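Down below is the structure, laid out as structure tokens.
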Amino acid sequence: MQVFAILPAAGLGTRMAGPQPKQFLALNGLPILIHSLRAFAEVERVTAQIAEYAPEYGLAGRVLVVEGGDHRQESVSHALAALPAQPDDIVLVHDAVRPLIDPATIDRTIDAVIEHGAAIVGLPAIDTIKQVERTAHGALVTSTIPREFVVLAQTPQGFRFGLLQKAFAEATADGFVGTDEASIVERAGLPVAVVHGSQVNLKITQPGDLELAEFYLRQRSR
């Protein structure tokens, strides 16, 4: 069994409002993407990594570069097509801008995929969750969703290669675009397990997130 990691990195990161895509912004002296790639490189079971950027920093020989698509689902499809994988192999998809993922969580995700076939990293909801109806003037609450039924999805999201490939093919044939890889697998009627994540595994989408990530890195180095 082989384990492959895909890190989509073609997004523009418009919410950061900066001159370059957020995955290439410096975090503690290195591009955000490099922190993410290095975390997977530390996991012995990860055979190879797929990215949309030719990394330096000693990782070039361990990373296969593929061309990104117009959106995340298309980028992941390109990566799946490039993988020399067998149906029972494992594919992990990770947000390139979650640079603080830790090897232990990656390992737990692999274990969950071995057991269940599909798994995501997620956090239990802390705040009260409201379902709303959008209006021209904002939104109106229609119901309160019990927190015990909600998790906040993170990455990596892991799947058996054959399972994910089939779900993607069905989505493409139907013109369906999911919000993440798990939503595509869920649509195919397949169960997805949840691995407990961490607040530290944040997704950098706004300027304040970069400062918070730098704080967490300083805490780690103590």
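Ligands are numbered from 1 in the order shown, chains are lettered A, B, ... in the order of the structure tokens, and residues start at 1 in each chain.
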
Leu210 (chain A) surroundings by only C-alpha atoms, 10 Å radius, close-in-sequence under 2 positions cut, as a list in words: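 Once the nearby chain positions are removed, what remains is Met16, Lys22, Leu25, Ala26, Leu27, Asn28, Ile32, Val97, Leu202, Lys203, Ile204, Thr205, Gln206, Pro207, Gly208, Leu212, Ala213, Glu214, Phe215 and Tyr216 of chain A.
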
DSSP on the backbone, strand (DSSP E) only: what residues of region 15-167 of chain A does that give? Format it as an NGL selection string. :A and (26-27 or 30-31 or 46-51 or 63-65 or 90-93 or 118-124 or 129-135 or 138-145 or 151-160)

I'd like to know which residues of region 27-92 of chain A are alpha helix (DSSP H) (by DSSP, run on the backbone); could you write them as number ranges by chain? A: 32-41, 72-82

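CA of Ile106 (chain A) lies 20.7 Å from CA of Gln165 (chain A).
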
Non-local contacts of Arg45 (chain A) (12 Å; only C-alpha atoms; under 5 positions in same chain excluded) as a list in words: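 Answer for this query is Met1, Gln2, Val3, Phe4, Ala5, Phe40, Asp89, Ile90, Val91, Leu92, Pro103, Ala104, Ile106, Asp107, Arg108, Thr109, Ile110 and Asp111 of chain A.
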
Saved selection, atoms kept: all heavy atoms, as a CSV table (one decimal), in the first residue's frame:
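And here's again_14.csv as it stands now:
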chain,number,residue,atom,x,y,z
A,1,MET,N,0.8,-1.2,0.0
A,1,MET,CA,0.0,0.0,0.0
A,1,MET,C,0.9,1.2,0.0
A,1,MET,O,1.8,1.4,0.8
A,1,MET,CB,-0.9,0.0,1.2
A,1,MET,CG,-1.9,1.2,1.3
A,1,MET,SD,-2.6,1.4,2.9
A,1,MET,CE,-1.2,2.0,3.9
A,2,GLN,N,0.6,2.2,-0.9
A,2,GLN,CA,1.3,3.4,-1.0
A,2,GLN,C,0.3,4.6,-0.5
A,2,GLN,O,-0.9,4.5,-0.6
A,2,GLN,CB,1.7,3.7,-2.4
A,2,GLN,CG,2.7,2.8,-2.9
A,2,GLN,CD,3.3,3.2,-4.2
A,2,GLN,OE1,4.3,4.0,-4.3
A,2,GLN,NE2,2.7,2.8,-5.3
A,3,VAL,N,0.9,5.6,0.0
A,3,VAL,CA,0.2,6.8,0.5
A,3,VAL,C,0.7,8.0,-0.3
A,3,VAL,O,1.9,8.3,-0.2
A,3,VAL,CB,0.3,7.0,2.0
A,3,VAL,CG1,-0.5,8.3,2.4
A,3,VAL,CG2,-0.1,5.8,2.8
A,4,PHE,N,-0.2,8.7,-1.0
A,4,PHE,CA,0.1,9.9,-1.7
A,4,PHE,C,-0.5,11.1,-1.1
A,4,PHE,O,-1.7,11.0,-0.6
A,4,PHE,CB,-0.3,9.7,-3.2
A,4,PHE,CG,0.3,8.6,-3.9
A,4,PHE,CD1,-0.4,7.3,-4.0
A,4,PHE,CD2,1.5,8.7,-4.6
A,4,PHE,CE1,0.2,6.3,-4.6
A,4,PHE,CE2,2.1,7.6,-5.2
A,4,PHE,CZ,1.4,6.4,-5.3
A,5,ALA,N,0.1,12.2,-1.2
A,5,ALA,CA,-0.4,13.5,-0.6
A,5,ALA,C,-0.5,14.5,-1.8
A,5,ALA,O,0.4,14.7,-2.5
A,5,ALA,CB,0.4,14.1,0.5
A,40,PHE,N,4.3,16.7,5.6
A,40,PHE,CA,4.0,15.4,5.0
A,40,PHE,C,5.3,14.6,4.8
A,40,PHE,O,5.3,13.4,4.8
A,40,PHE,CB,3.2,15.6,3.7
A,40,PHE,CG,1.7,15.9,4.0
A,40,PHE,CD1,1.3,17.2,4.2
A,40,PHE,CD2,0.8,14.9,4.0
A,40,PHE,CE1,0.0,17.5,4.4
A,40,PHE,CE2,-0.5,15.2,4.2
A,40,PHE,CZ,-0.9,16.5,4.5
A,89,ASP,N,-4.6,1.9,-2.7
A,89,ASP,CA,-3.6,2.9,-2.2
A,89,ASP,C,-4.4,4.1,-1.5
A,89,ASP,O,-5.6,4.2,-1.8
A,89,ASP,CB,-2.7,3.5,-3.3
A,89,ASP,CG,-1.7,2.4,-3.7
A,89,ASP,OD1,-1.4,1.5,-3.0
A,89,ASP,OD2,-1.2,2.6,-4.8
A,90,ILE,N,-3.8,4.9,-0.8
A,90,ILE,CA,-4.4,6.0,-0.1
A,90,ILE,C,-4.0,7.3,-0.6
A,90,ILE,O,-2.8,7.5,-0.9
A,90,ILE,CB,-4.1,5.9,1.4
A,90,ILE,CG1,-4.8,4.7,2.1
A,90,ILE,CG2,-4.5,7.2,2.2
A,90,ILE,CD1,-4.4,4.5,3.5
A,91,VAL,N,-4.9,8.2,-0.8
A,91,VAL,CA,-4.7,9.6,-1.3
A,91,VAL,C,-5.1,10.6,-0.2
A,91,VAL,O,-6.2,10.5,0.3
A,91,VAL,CB,-5.4,9.9,-2.6
A,91,VAL,CG1,-5.2,11.4,-3.0
A,91,VAL,CG2,-5.0,9.0,-3.7
A,92,LEU,N,-4.2,11.4,0.2
A,92,LEU,CA,-4.5,12.5,1.2
A,92,LEU,C,-4.5,13.8,0.4
A,92,LEU,O,-3.6,14.1,-0.3
A,92,LEU,CB,-3.5,12.6,2.3
A,92,LEU,CG,-3.2,11.3,3.1
A,92,LEU,CD1,-2.0,11.5,4.1
A,92,LEU,CD2,-4.4,10.9,3.9
A,103,PRO,N,2.5,15.9,11.9
A,103,PRO,CA,2.7,14.5,11.4
A,103,PRO,C,1.8,13.5,12.1
A,103,PRO,O,1.3,12.6,11.5
A,103,PRO,CB,4.2,14.2,11.6
A,103,PRO,CG,4.8,15.6,11.5
A,103,PRO,CD,3.9,16.5,12.1
A,104,ALA,N,1.6,13.8,13.4
A,104,ALA,CA,0.7,12.8,14.2
A,104,ALA,C,-0.7,12.8,13.6
A,104,ALA,O,-1.3,11.7,13.5
A,104,ALA,CB,0.7,13.2,15.7
A,106,ILE,N,-1.6,13.6,10.6
A,106,ILE,CA,-1.5,12.9,9.3
A,106,ILE,C,-1.6,11.4,9.4
A,106,ILE,O,-2.3,10.7,8.7
A,106,ILE,CB,-0.3,13.4,8.5
A,106,ILE,CG1,-0.3,14.9,8.2
A,106,ILE,CG2,-0.1,12.6,7.2
A,106,ILE,CD1,1.0,15.4,7.7
A,107,ASP,N,-0.8,10.9,10.4
A,107,ASP,CA,-0.7,9.5,10.7
A,107,ASP,C,-2.1,8.9,11.1
A,107,ASP,O,-2.5,7.8,10.7
A,107,ASP,CB,0.3,9.1,11.7
A,107,ASP,CG,1.6,8.7,11.1
A,107,ASP,OD1,1.6,8.0,10.1
A,107,ASP,OD2,2.7,9.1,11.7
A,108,ARG,N,-2.8,9.7,12.0
A,108,ARG,CA,-4.1,9.2,12.4
A,108,ARG,C,-5.1,9.2,11.3
A,108,ARG,O,-6.0,8.3,11.2
A,108,ARG,CB,-4.6,10.2,13.5
A,108,ARG,CG,-3.9,10.1,14.8
A,108,ARG,CD,-4.7,10.6,16.0
A,108,ARG,NE,-5.3,11.9,15.7
A,108,ARG,CZ,-4.6,13.1,16.0
A,108,ARG,NH1,-3.4,13.0,16.5
A,108,ARG,NH2,-5.2,14.2,15.7
A,109,THR,N,-5.0,10.1,10.3
A,109,THR,CA,-5.9,10.2,9.2
A,109,THR,C,-5.6,8.9,8.3
A,109,THR,O,-6.6,8.3,7.8
A,109,THR,CB,-5.6,11.4,8.3
A,109,THR,OG1,-5.8,12.6,9.2
A,109,THR,CG2,-6.6,11.5,7.2
A,110,ILE,N,-4.4,8.6,8.1
A,110,ILE,CA,-4.0,7.4,7.3
A,110,ILE,C,-4.7,6.2,8.0
A,110,ILE,O,-5.3,5.3,7.3
A,110,ILE,CB,-2.5,7.2,7.2
A,110,ILE,CG1,-1.9,8.4,6.3
A,110,ILE,CG2,-2.2,5.9,6.5
A,110,ILE,CD1,-0.4,8.4,6.3
A,111,ASP,N,-4.5,6.0,9.3
A,111,ASP,CA,-5.1,4.9,10.0
A,111,ASP,C,-6.6,4.8,9.8
A,111,ASP,O,-7.2,3.8,9.7
A,111,ASP,CB,-4.8,5.0,11.5
A,111,ASP,CG,-3.3,4.8,11.8
A,111,ASP,OD1,-2.6,4.1,11.0
A,111,ASP,OD2,-2.8,5.2,12.9

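If you measure from each of A:Pro99, A:Pro31, A:Pro124, A:Gly68 to Leu80 (chain A) using only C-alpha atoms, the closest one turns out to be A:Gly68.
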
Which value, in Å to one decimal, gives the distance between CA of Leu100 (chain A) and CA of Asn201 (chain A)?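 Rounded to one decimal, the two atoms are 5.2 Å apart.
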
What's around region 143-154 of chain A at 10 Å? Count only C-alpha atoms, leave out sequence neighbours fewer than 4 positions away in its own chain, and write the answer as a PyMOL selection string. chain A and resi 94-95+98+101+120-133+180+182+194-199+201-203

Could you turn the residues from that selection into a file that holds C-alpha atoms, as a short mmCIF file (atom, residue, chain, number, x, y, z; two decimals), in the first residue's frame?
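Just written: again.cif:
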data_model
loop_
_atom_site.label_atom_id
_atom_site.label_comp_id
_atom_site.auth_asym_id
_atom_site.auth_seq_id
_atom_site.Cartn_x
_atom_site.Cartn_y
_atom_site.Cartn_z
CA HIS A 94 -4.46 18.88 2.13
CA ASP A 95 -4.99 22.62 1.89
CA ARG A 98 -2.77 24.88 6.42
CA ILE A 101 -0.62 20.40 10.24
CA ILE A 120 -11.41 13.84 7.21
CA VAL A 121 -9.84 15.88 9.97
CA GLY A 122 -12.48 17.93 11.79
CA LEU A 123 -13.21 19.88 14.94
CA PRO A 124 -16.39 19.78 17.04
CA ALA A 125 -18.35 23.02 16.78
CA ILE A 126 -18.01 25.29 19.82
CA ASP A 127 -20.28 28.17 18.87
CA THR A 128 -24.03 27.84 18.46
CA ILE A 129 -24.83 27.04 14.82
CA LYS A 130 -27.73 28.83 13.12
CA GLN A 131 -29.32 27.91 9.81
CA VAL A 132 -30.45 31.01 7.94
CA GLU A 133 -32.38 32.17 4.92
CA ASP A 180 -14.29 19.71 -0.60
CA ALA A 182 -15.42 14.65 1.21
CA VAL A 194 -13.84 12.04 11.28
CA VAL A 195 -10.39 12.33 12.87
CA HIS A 196 -10.09 14.88 15.66
CA GLY A 197 -8.21 17.97 14.50
CA SER A 198 -6.75 21.01 16.21
CA GLN A 199 -7.30 24.75 16.42
CA ASN A 201 -4.35 23.50 12.08
CA LEU A 202 -5.79 26.79 10.85
CA LYS A 203 -6.37 27.76 7.23
#

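One finds CA of His35 (chain A) at 15.2 Å from CA of Val93 (chain A).
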